[in-house]
$ cat coords24.cif   # mmCIF, C-alpha atoms and all ligand atoms
data_final
loop_
_atom_site.label_atom_id
_atom_site.label_comp_id
_atom_site.auth_asym_id
_atom_site.auth_seq_id
_atom_site.Cartn_x
_atom_site.Cartn_y
_atom_site.Cartn_z
CA MET T 1 0.00 0.00 0.00
CA THR T 2 1.20 3.45 -0.91
CA GLU T 3 -0.02 6.19 1.45
CA LEU T 4 -1.27 9.43 -0.06
CA PHE T 5 -0.40 12.48 2.03
CA ALA T 6 -1.71 15.99 1.63
CA GLY T 7 0.53 18.84 2.69
CA THR T 8 -0.44 19.44 6.34
CA ASP T 9 2.40 19.84 8.83
CA ARG T 10 1.57 16.48 10.40
CA GLU T 11 1.60 14.71 7.07
CA ILE T 12 4.90 16.31 6.04
CA GLU T 13 6.37 15.19 9.37
CA ALA T 14 5.05 11.66 8.76
CA ALA T 15 6.62 11.70 5.28
CA ALA T 16 9.94 12.88 6.77
CA ARG T 17 9.83 10.04 9.33
CA LEU T 18 9.32 7.49 6.54
CA LEU T 19 12.32 8.94 4.68
CA ALA T 20 14.42 8.87 7.85
CA ALA T 21 13.49 5.19 8.25
CA GLY T 22 14.85 4.41 4.77
CA GLU T 23 11.49 4.30 2.95
CA LEU T 24 10.75 5.80 -0.48
CA VAL T 25 8.48 8.85 -0.58
CA ALA T 26 7.46 10.64 -3.78
CA PHE T 27 6.85 14.36 -3.52
CA GLY T 28 6.02 17.22 -5.85
CA THR T 29 8.56 19.83 -6.83
CA GLU T 30 8.02 22.79 -9.14
CA THR T 31 9.43 20.72 -12.05
CA VAL T 32 8.11 17.15 -11.78
CA TYR T 33 7.37 14.71 -8.95
CA GLY T 34 10.52 13.19 -7.48
CA LEU T 35 10.96 9.71 -5.98
CA GLY T 36 12.81 10.55 -2.79
CA ALA T 37 15.10 8.61 -0.48
CA ASP T 38 17.44 9.71 2.30
CA ALA T 39 20.56 10.42 0.22
CA THR T 40 22.87 9.48 3.11
CA ASN T 41 21.39 5.96 3.29
CA ALA T 42 22.86 3.74 0.55
CA ALA T 43 20.22 1.01 0.97
CA ALA T 44 17.42 3.55 0.60
CA VAL T 45 19.10 4.98 -2.51
CA ALA T 46 19.42 1.48 -3.96
CA ALA T 47 15.69 0.98 -3.41
CA ILE T 48 15.03 3.94 -5.77
CA PHE T 49 16.71 2.11 -8.64
CA ALA T 50 14.73 -1.07 -7.85
CA ALA T 51 11.36 0.72 -7.64
CA LYS T 52 11.96 2.57 -10.93
CA GLY T 53 13.34 -0.49 -12.68
CA ARG T 54 16.36 1.56 -13.76
CA PRO T 55 18.70 -0.67 -15.73
CA HIS T 56 21.86 1.02 -14.47
CA PHE T 57 22.90 2.99 -11.44
CA ASN T 58 22.56 6.43 -13.04
CA PRO T 59 23.59 9.35 -10.86
CA LEU T 60 20.71 11.05 -9.05
CA ILE T 61 20.10 14.66 -8.11
CA CYS T 62 20.36 15.47 -4.38
CA HIS T 63 17.81 17.95 -3.09
CA TYR T 64 18.61 20.36 -0.26
CA ALA T 65 16.69 22.88 1.83
CA SER T 66 19.23 25.63 1.18
CA ALA T 67 22.32 26.54 -0.84
CA GLU T 68 24.38 26.49 2.38
CA ALA T 69 23.35 22.89 3.02
CA ALA T 70 24.14 21.93 -0.59
CA PHE T 71 27.52 23.63 -0.59
CA ALA T 72 28.48 21.74 2.57
CA ASP T 73 28.48 18.57 0.44
CA VAL T 74 29.91 19.93 -2.83
CA ALA T 75 32.60 22.55 -3.47
CA ALA T 76 31.07 25.71 -4.94
CA ASN T 77 33.03 28.01 -7.23
CA GLU T 78 32.15 31.58 -8.22
CA ALA T 79 29.83 30.55 -11.06
CA ALA T 80 28.02 28.16 -8.73
CA ARG T 81 27.51 30.85 -6.09
CA LYS T 82 26.19 33.28 -8.69
CA ALA T 83 23.87 30.73 -10.25
CA ALA T 84 22.60 29.66 -6.83
CA ALA T 85 21.95 33.26 -5.79
CA ALA T 86 19.99 33.92 -8.97
CA PHE T 87 18.05 30.67 -9.44
CA TRP T 88 17.75 28.85 -6.10
CA PRO T 89 15.32 27.84 -4.90
CA GLY T 90 14.29 26.81 -8.40
CA PRO T 91 14.59 24.45 -11.39
CA LEU T 92 18.40 24.46 -11.72
CA THR T 93 20.73 21.56 -10.89
CA LEU T 94 24.46 22.15 -10.46
CA VAL T 95 27.07 19.43 -10.96
CA LEU T 96 30.06 20.13 -8.70
CA PRO T 97 32.93 18.18 -7.08
CA ARG T 98 31.99 16.24 -3.94
CA ARG T 99 33.72 17.46 -0.82
CA ALA T 100 35.83 14.97 1.09
CA ASN T 101 33.31 15.04 3.96
CA CYS T 102 30.26 14.74 1.67
CA LYS T 103 27.49 12.87 3.56
CA VAL T 104 25.76 11.58 0.43
CA ALA T 105 26.02 7.85 -0.31
CA LEU T 106 28.37 7.17 -3.23
CA LEU T 107 25.65 5.20 -4.97
CA ALA T 108 23.49 8.34 -5.26
CA GLY T 109 26.20 9.82 -7.47
CA ALA T 110 26.83 6.46 -9.18
CA GLY T 111 30.36 6.55 -7.78
CA LEU T 112 31.32 9.75 -9.64
CA GLU T 113 33.57 12.39 -8.08
CA THR T 114 30.92 14.98 -8.86
CA LEU T 115 27.44 15.33 -7.40
CA ALA T 116 24.32 16.97 -8.84
CA VAL T 117 22.63 19.25 -6.29
CA ARG T 118 19.52 21.40 -6.33
CA VAL T 119 17.32 23.45 -3.98
CA PRO T 120 13.70 23.02 -5.11
CA ALA T 121 11.25 25.92 -4.91
CA HIS T 122 8.01 24.09 -4.15
CA PRO T 123 7.04 25.04 -0.58
CA LEU T 124 6.04 21.48 0.38
CA ALA T 125 9.30 20.07 -0.97
CA ALA T 126 11.19 22.71 1.02
CA LYS T 127 9.20 21.85 4.14
CA LEU T 128 9.89 18.14 3.72
CA LEU T 129 13.62 18.77 3.29
CA ARG T 130 13.71 20.96 6.40
CA ALA T 131 11.74 18.39 8.39
CA LEU T 132 14.17 15.61 7.43
CA GLY T 133 17.29 17.73 7.85
CA ARG T 134 19.21 15.59 5.36
CA PRO T 135 19.60 15.67 1.58
CA VAL T 136 17.05 13.71 -0.47
CA ALA T 137 18.12 11.88 -3.62
CA ALA T 138 15.25 12.01 -6.11
CA PRO T 139 14.92 11.12 -9.77
CA SER T 140 11.59 11.69 -11.48
CA ALA T 141 8.94 9.45 -9.89
CA ASN T 142 8.16 7.28 -12.92
CA ARG T 143 9.13 3.78 -14.01
CA SER T 144 12.35 3.93 -15.99
CA GLY T 145 11.91 5.23 -19.55
CA GLN T 146 8.33 6.39 -19.05
CA ILE T 147 6.79 9.86 -18.96
CA SER T 148 7.71 12.01 -15.98
CA PRO T 149 4.86 12.65 -13.52
CA THR T 150 3.46 16.12 -12.97
CA ARG T 151 0.60 15.05 -10.69
CA ALA T 152 0.29 12.70 -7.72
CA ALA T 153 -2.11 10.52 -9.76
CA HIS T 154 0.63 9.96 -12.39
CA VAL T 155 2.97 8.74 -9.64
CA LEU T 156 0.38 6.35 -8.22
CA ALA T 157 -0.40 4.97 -11.69
CA GLY T 158 3.27 4.10 -12.23
CA LEU T 159 4.62 3.32 -8.76
CA GLY T 160 1.57 2.69 -6.56
CA GLY T 161 2.25 -0.30 -4.30
CA ARG T 162 6.02 -0.07 -4.84
CA ILE T 163 6.73 2.94 -2.59
CA ALA T 164 5.72 3.95 0.93
CA ALA T 165 3.98 7.26 0.22
CA VAL T 166 3.25 10.13 -2.14
CA VAL T 167 2.91 13.72 -0.96
CA ASP T 168 0.22 15.29 -3.14
CA SER T 169 1.66 18.71 -3.87
CA GLY T 170 -0.72 19.61 -6.67
CA PRO T 171 0.14 19.91 -10.37
CA CYS T 172 3.76 20.92 -11.08
CA GLN T 173 4.08 24.55 -12.18
CA VAL T 174 7.17 24.27 -14.41
CA GLY T 175 6.35 20.82 -15.79
CA VAL T 176 9.77 19.85 -17.19
CA GLU T 177 12.79 18.75 -15.18
CA SER T 178 15.47 21.09 -13.92
CA THR T 179 18.23 22.43 -16.16
CA VAL T 180 21.40 20.43 -15.41
CA LEU T 181 24.54 22.59 -15.53
CA ASP T 182 27.99 21.09 -15.09
CA LEU T 183 30.23 23.59 -13.28
CA SER T 184 32.90 21.07 -12.34
CA GLY T 185 35.13 21.75 -15.36
CA GLU T 186 36.88 24.74 -16.92
CA THR T 187 33.75 26.07 -18.64
CA PRO T 188 30.07 25.72 -17.74
CA ARG T 189 28.37 22.97 -19.77
CA LEU T 190 24.69 22.36 -20.29
CA LEU T 191 23.99 18.67 -19.65
CA ARG T 192 20.20 18.91 -19.87
CA PRO T 193 17.99 21.81 -20.95
CA GLY T 194 15.20 22.33 -18.43
CA GLY T 195 13.17 24.72 -16.33
CA VAL T 196 15.73 27.56 -16.33
CA ALA T 197 16.30 28.85 -19.89
CA VAL T 198 19.91 28.90 -21.10
CA GLU T 199 19.46 32.54 -22.06
CA ALA T 200 18.66 33.36 -18.42
CA LEU T 201 21.67 31.37 -17.17
CA GLU T 202 24.05 33.09 -19.57
CA ALA T 203 22.82 36.49 -18.44
CA VAL T 204 24.08 35.60 -14.94
CA ILE T 205 27.21 33.45 -15.40
CA GLY T 206 28.28 34.21 -18.98
CA PRO T 207 28.66 31.76 -21.88
CA VAL T 208 27.48 28.19 -21.37
CA GLN T 209 28.87 25.49 -23.62
CA ALA T 210 26.15 23.75 -25.57
CA GLY T 211 25.30 20.18 -24.66
CA VAL T 212 26.12 17.41 -27.09
CA PRO T 213 23.40 17.13 -29.76
CA ILE T 214 20.94 14.32 -29.19
CA GLU T 215 22.20 12.42 -32.25
CA GLN T 216 25.56 11.92 -30.55
CA ASP T 217 23.99 11.20 -27.23
CA VAL T 218 24.60 7.50 -26.89
CA ALA T 219 28.30 7.77 -27.62
CA GLY T 220 29.08 11.11 -26.05
CA ARG T 221 26.89 12.64 -23.41
CA GLN T 222 25.97 9.36 -21.74
CA LEU T 223 29.48 9.29 -20.37
CA ARG T 224 29.16 12.75 -18.81
CA SER T 225 25.52 12.49 -17.85
CA PRO T 226 24.69 8.84 -17.84
CA GLY T 227 21.01 9.36 -17.09
CA MET T 228 20.37 10.89 -20.47
CA LEU T 229 19.40 7.77 -22.38
CA VAL T 230 18.11 8.49 -25.84
CA SER T 231 14.67 6.89 -25.55
CA HIS T 232 13.14 8.46 -22.49
CA TYR T 233 9.96 10.23 -21.48
CA ALA T 234 8.29 7.76 -23.79
CA PRO T 235 4.53 7.45 -24.03
CA ARG T 236 3.22 4.07 -25.15
CA LEU T 237 2.28 5.53 -28.53
CA PRO T 238 5.02 6.45 -31.02
CA VAL T 239 5.59 10.18 -31.45
CA ARG T 240 6.15 11.99 -34.77
CA LEU T 241 7.90 15.36 -34.58
CA ARG T 242 7.35 18.71 -36.37
CA ALA T 243 4.02 17.56 -37.78
CA GLU T 244 2.51 19.83 -40.44
CA LYS T 245 -0.43 17.53 -41.20
CA VAL T 246 -2.35 15.00 -39.13
CA ALA T 247 -2.94 11.48 -40.45
CA ALA T 248 -6.23 9.66 -39.85
CA ASP T 249 -4.69 7.44 -37.18
CA GLU T 250 -2.92 10.23 -35.28
CA ALA T 251 -3.73 12.26 -32.18
CA LEU T 252 -2.39 15.81 -32.10
CA LEU T 253 -0.14 17.52 -29.57
CA ALA T 254 -0.83 21.12 -30.56
CA PHE T 255 1.22 24.26 -30.02
CA GLY T 256 -0.65 27.34 -31.18
CA PRO T 257 -3.56 27.10 -33.63
CA PRO T 258 -4.10 23.32 -34.07
CA LEU T 259 -3.66 21.61 -37.44
CA SER T 260 -7.01 20.74 -38.92
CA GLY T 261 -8.47 17.26 -39.13
CA ALA T 262 -7.28 15.78 -35.83
CA GLY T 263 -9.85 13.68 -33.96
CA LEU T 264 -8.09 14.10 -30.61
CA VAL T 265 -6.16 17.22 -29.64
CA PHE T 266 -4.19 18.22 -26.56
CA GLN T 267 -3.36 21.93 -26.65
CA LEU T 268 0.00 22.83 -25.07
CA SER T 269 -0.47 26.57 -25.48
CA GLU T 270 -3.12 28.28 -27.56
CA SER T 271 -1.04 31.47 -27.71
CA GLY T 272 2.23 29.66 -28.48
CA ASN T 273 3.88 30.40 -25.12
CA PRO T 274 6.77 27.93 -24.45
CA ALA T 275 6.60 28.27 -20.64
CA GLU T 276 2.89 27.42 -20.63
CA ALA T 277 3.57 24.53 -23.02
CA ALA T 278 6.37 23.16 -20.80
CA ALA T 279 4.02 23.09 -17.82
CA LYS T 280 1.52 20.98 -19.78
CA LEU T 281 3.87 18.77 -21.81
CA PHE T 282 3.99 15.58 -19.74
CA GLU T 283 0.36 15.93 -18.77
CA GLY T 284 -0.48 16.08 -22.50
CA LEU T 285 1.54 12.96 -23.28
CA HIS T 286 -0.08 11.08 -20.37
CA TRP T 287 -3.52 12.19 -21.51
CA LEU T 288 -3.10 11.37 -25.21
CA ASP T 289 -1.65 7.98 -24.29
CA ALA T 290 -4.74 7.24 -22.20
CA GLN T 291 -7.35 8.57 -24.65
CA ALA T 292 -6.01 7.64 -28.09
CA PRO T 293 -6.34 3.84 -28.16
CA ALA T 294 -10.12 3.83 -27.56
CA LEU T 295 -10.48 6.08 -30.61
CA GLY T 296 -8.35 3.79 -32.75
CA LEU T 297 -5.49 6.30 -32.88
CA ARG T 298 -2.03 4.80 -33.03
CA ARG T 299 0.42 7.67 -33.01
CA ILE T 300 0.99 11.16 -31.61
CA ALA T 301 1.78 13.94 -34.08
CA ALA T 302 3.56 16.79 -32.29
CA MET T 303 3.56 20.28 -33.78
CA ALA T 304 6.84 22.21 -33.88
CA VAL T 305 7.87 24.31 -30.86
CA PRO T 306 10.46 27.09 -31.30
CA GLU T 307 13.94 26.44 -29.92
CA THR T 308 13.94 29.45 -27.57
CA GLY T 309 13.48 29.77 -23.80
CA LEU T 310 11.77 26.69 -22.39
CA GLY T 311 11.16 25.54 -25.98
CA ARG T 312 14.63 23.97 -25.83
CA ALA T 313 13.63 21.72 -22.93
CA ILE T 314 10.34 20.83 -24.62
CA ASN T 315 12.09 19.84 -27.86
CA ASP T 316 14.67 17.80 -25.96
CA ARG T 317 11.91 15.80 -24.22
CA LEU T 318 9.90 15.40 -27.43
CA LYS T 319 12.96 14.12 -29.34
CA ARG T 320 13.52 11.55 -26.63
CA ALA T 321 9.85 10.57 -26.65
CA ALA T 322 10.16 10.06 -30.43
CA ALA T 323 13.53 8.28 -30.36
CA PRO T 324 13.85 4.60 -31.29
CA ARG T 325 12.94 2.51 -28.27
CA GLY T 326 16.18 1.00 -27.08
CA GLU T 327 15.24 -0.52 -23.75
O1 LIG T 401 13.62 18.48 -12.00
C1 LIG T 401 14.39 17.55 -11.72
O2 LIG T 401 15.61 17.62 -11.87
C2 LIG T 401 13.75 16.28 -11.15
C3 LIG T 401 13.13 16.65 -9.81
C4 LIG T 401 12.59 15.47 -9.07
O3 LIG T 401 14.04 17.37 -9.03
N1 LIG T 401 14.72 15.23 -11.02
C5 LIG T 401 15.24 14.57 -12.09
O4 LIG T 401 16.16 13.59 -11.78
O5 LIG T 401 14.94 14.83 -13.24
P1 LIG T 401 16.64 12.47 -12.81
O6 LIG T 401 17.35 11.44 -11.99
O7 LIG T 401 15.49 11.96 -13.63
O8 LIG T 401 17.69 13.19 -13.72
C6 LIG T 401 18.98 13.47 -13.24
C7 LIG T 401 19.86 13.94 -14.37
C8 LIG T 401 20.26 12.78 -15.25
O9 LIG T 401 20.29 13.19 -16.59
C9 LIG T 401 21.68 12.45 -14.74
O10 LIG T 401 22.47 11.78 -15.67
C10 LIG T 401 22.17 13.83 -14.39
O11 LIG T 401 21.06 14.51 -13.85
N2 LIG T 401 23.22 13.77 -13.36
C11 LIG T 401 23.09 13.48 -12.06
N3 LIG T 401 24.28 13.50 -11.43
C12 LIG T 401 25.20 13.81 -12.35
C13 LIG T 401 26.60 13.98 -12.33
N4 LIG T 401 27.33 13.82 -11.22
N5 LIG T 401 27.22 14.32 -13.49
C14 LIG T 401 26.49 14.49 -14.62
N6 LIG T 401 25.16 14.34 -14.72
C15 LIG T 401 24.52 13.99 -13.60
MG MG T 402 13.63 11.14 -15.30
#

$ encode --input "coords24.cif" --output "structure tokens"
Amino acid sequence: MTELFAGTDREIEAAARLLAAGELVAFGTETVYGLGADATNAAAVAAIFAAKGRPHFNPLICHYASAEAAFADVAANEAARKAAAAFWPGPLTLVLPRRANCKVALLAGAGLETLAVRVPAHPLAAKLLRALGRPVAAPSANRSGQISPTRAAHVLAGLGGRIAAVVDSGPCQVGVESTVLDLSGETPRLLRPGGVAVEALEAVIGPVQAGVPIEQDVAGRQLRSPGMLVSHYAPRLPVRLRAEKVAADEALLAFGPPLSGAGLVFQLSESGNPAEAAAKLFEGLHWLDAQAPALGLRRIAAMAVPETGLGRAINDRLKRAAAPRGE
């Protein structure tokens, strides 16, 4: 049985006690729901991989209540301090060298010398982290390779019965995962586009090296950011990108005025606003996946989204959803 908690103080304390006891608790953040475990407890961290059915021990993001707490476990440099001041709490993850006295279990970082850290903005996530008083390792709370959850119901559909509890924190406001920025090397590198636009980052810390294009992902980026498998965020239905027409057997993921002729449409943003579209993206994929089969529809046609602002994160997720299914 998976308990469903609302966000009262008592329930947050109960959730923190479960985490402290080594149990898995999913909780909402501003980006997506995370599947949390006490990051200092290696057995609890291992249970995350088992519950998700992750094929490998990919490094996880550790969530902290404050930048001070995060920078006690990793060594911040000037760029990290600037980025933290500008974007924390918020949808930005920083990859930095572990300190020698880092409390986080090595497994959470998949044995790497670096650790990904973030301070989430959602008030219930912040409350939970303060109540526990330890970092929480949390990947997105979905079975490996499937669509990330942006509502408690999505988490229960995928992981119900496999985890101790879910804190219902409402629908996620940002809707795509955090931007992952590697600050452990000479120059800042974008490992995953996400909830903080690259343009906004560059305005604060200067030039950010582009991530490796998705086509080279398997060979290249997987080594630096092993969680970025090519086929990911995948709905059950195949996805076709940059659709300009809709076929008879396709459902439509619309951005702006919808293409004509579609029998089933999920609108990401009527006005063509990438931030609004990001917030609805995973919800749209979940919804089309659930509705399409009964209507005899066998594919999702996704309209083009511009590669600016949060559009970059949307296109990254859509490309992965459309990629050949490897695992
Ligand atoms: O918004 C988010 O970031 C959500 C919420 C729950 O906070 N979490 C999330 O975690 O998306 P996950 O595990 O699905 O993605 C973590 C990403 C992966 O691409 C992983 O490879 C990368 O961060 N990562 C983690 N540690 C790393 C490290 N030391 N070096 C490079 N990449 C790392
Ligand atoms: Mg994920």

$ residues_around --input "coords24.cif" --residues "Ala290 (chain T)" --least-positions-apart "6" --cutoff "10 Å" --atoms "all atoms listed in the file" --output "ChimeraX atom specification"
/T:235-237,284

$ closest_residue --input "coords24.cif" --among "T:Ala84, T:Ala16, T:Val265, T:Val104" --to "Gly133 (chain T)" --atoms "all atoms listed in the file"
T:Ala16

$ axis_aligned_box --input "coords24.cif" --around "ligand LIG 401 (chain T)" --padding-each-side "6 Å" --output "AutoDock Vina command-line options"
--center_x 20.0 --center_y 15.0 --center_z -12.8 --size_x 26.7 --size_y 19.0 --size_z 19.6

$ residues_near_ligand --input "coords24.cif" --ligand "ligand MG 402 (chain T)" --cutoff "12 Å" --atoms "all atoms listed in the file" --output "NGL selection string"
:T and (31-35 or 49 or 52-54 or 58-61 or 138-150 or 176-178 or 192 or 194 or 226-234 or 282 or 317 or 320-321)

$ closest_residue --input "coords24.cif" --among "T:Gly161, T:Gly109, T:Pro123, T:Gly272" --to "Gln173 (chain T)" --atoms "all atoms listed in the file"
T:Pro123

$ closest_residue --input "coords24.cif" --among "T:Thr29, T:Asn77, T:Thr187, T:Thr2" --to "ligand LIG 401 (chain T)" --atoms "all atoms listed in the file"
T:Thr29

$ closest_residue --input "coords24.cif" --among "T:Val174, T:Ile163, T:Ala67, T:Leu94" --to "Ala47 (chain T)" --atoms "all atoms listed in the file"
T:Ile163

$ atom_distance --input "coords24.cif" --atom1 "CA of Glu283 (chain T)" --atom2 "CA of Met1 (chain T)"
24.6 Å

$ closest_residue --input "coords24.cif" --among "T:Val119, T:Ala20, T:Ala126, T:Ala50" --to "ligand LIG 401 (chain T)" --atoms "only C-alpha atoms and all ligand atoms"
T:Val119

$ residues_around --input "coords24.cif" --residues "Val95 (chain T)" --least-positions-apart "4" --cutoff "8 Å" --atoms "all atoms listed in the file" --output "MDAnalysis selection string"
chainID T and resid 114:117 180:184

$ residues_around --input "coords24.cif" --residues "Leu295 (chain T)" --least-positions-apart "3" --cutoff "9 Å" --atoms "all atoms listed in the file" --output "list of chain:residue names"
T:Asp249, T:Gly263, T:Leu264, T:Gln291, T:Ala292, T:Arg298

$ residues_near_point --input "coords24.cif" --point "(14.1, 26.1, -30.7)" --cutoff "12 Å" --atoms "only C-alpha atoms" --output "list in words"
Pro193, Ala197, Val198, Arg242, Pro274, Ala304, Val305, Pro306, Glu307, Thr308, Gly309, Leu310, Gly311, Arg312, Ala313, Ile314, Asn315, Asp316 and Leu318 of chain T

$ closest_residue --input "coords24.cif" --among "T:Val208, T:Ala157, T:Ala51, T:Val45" --to "Ala105 (chain T)" --atoms "only C-alpha atoms"
T:Val45

$ atom_distance --input "coords24.cif" --atom1 "CA of Ala15 (chain T)" --atom2 "CA of Val136 (chain T)"
12.1 Å

$ atom_distance --input "coords24.cif" --atom1 "CA of Asn41 (chain T)" --atom2 "CA of Gly22 (chain T)"
6.9 Å

$ residues_around --input "coords24.cif" --residues "Pro171 (chain T)" --least-positions-apart "5" --cutoff "8 Å" --atoms "all atoms listed in the file" --output "list in words"
Gly28, Thr150, Arg151 and Ala152 of chain T

$ residues_around --input "coords24.cif" --residues "Ala69 (chain T)" --least-positions-apart "4" --cutoff "10 Å" --atoms "all atoms listed in the file" --output "CSV table (one decimal) with C-alpha atoms, in the coordinates of the input"
chain,number,residue,atom,x,y,z
T,63,HIS,CA,17.8,18.0,-3.1
T,64,TYR,CA,18.6,20.4,-0.3
T,65,ALA,CA,16.7,22.9,1.8
T,73,ASP,CA,28.5,18.6,0.4
T,74,VAL,CA,29.9,19.9,-2.8
T,119,VAL,CA,17.3,23.4,-4.0
T,133,GLY,CA,17.3,17.7,7.8
T,134,ARG,CA,19.2,15.6,5.4
T,135,PRO,CA,19.6,15.7,1.6
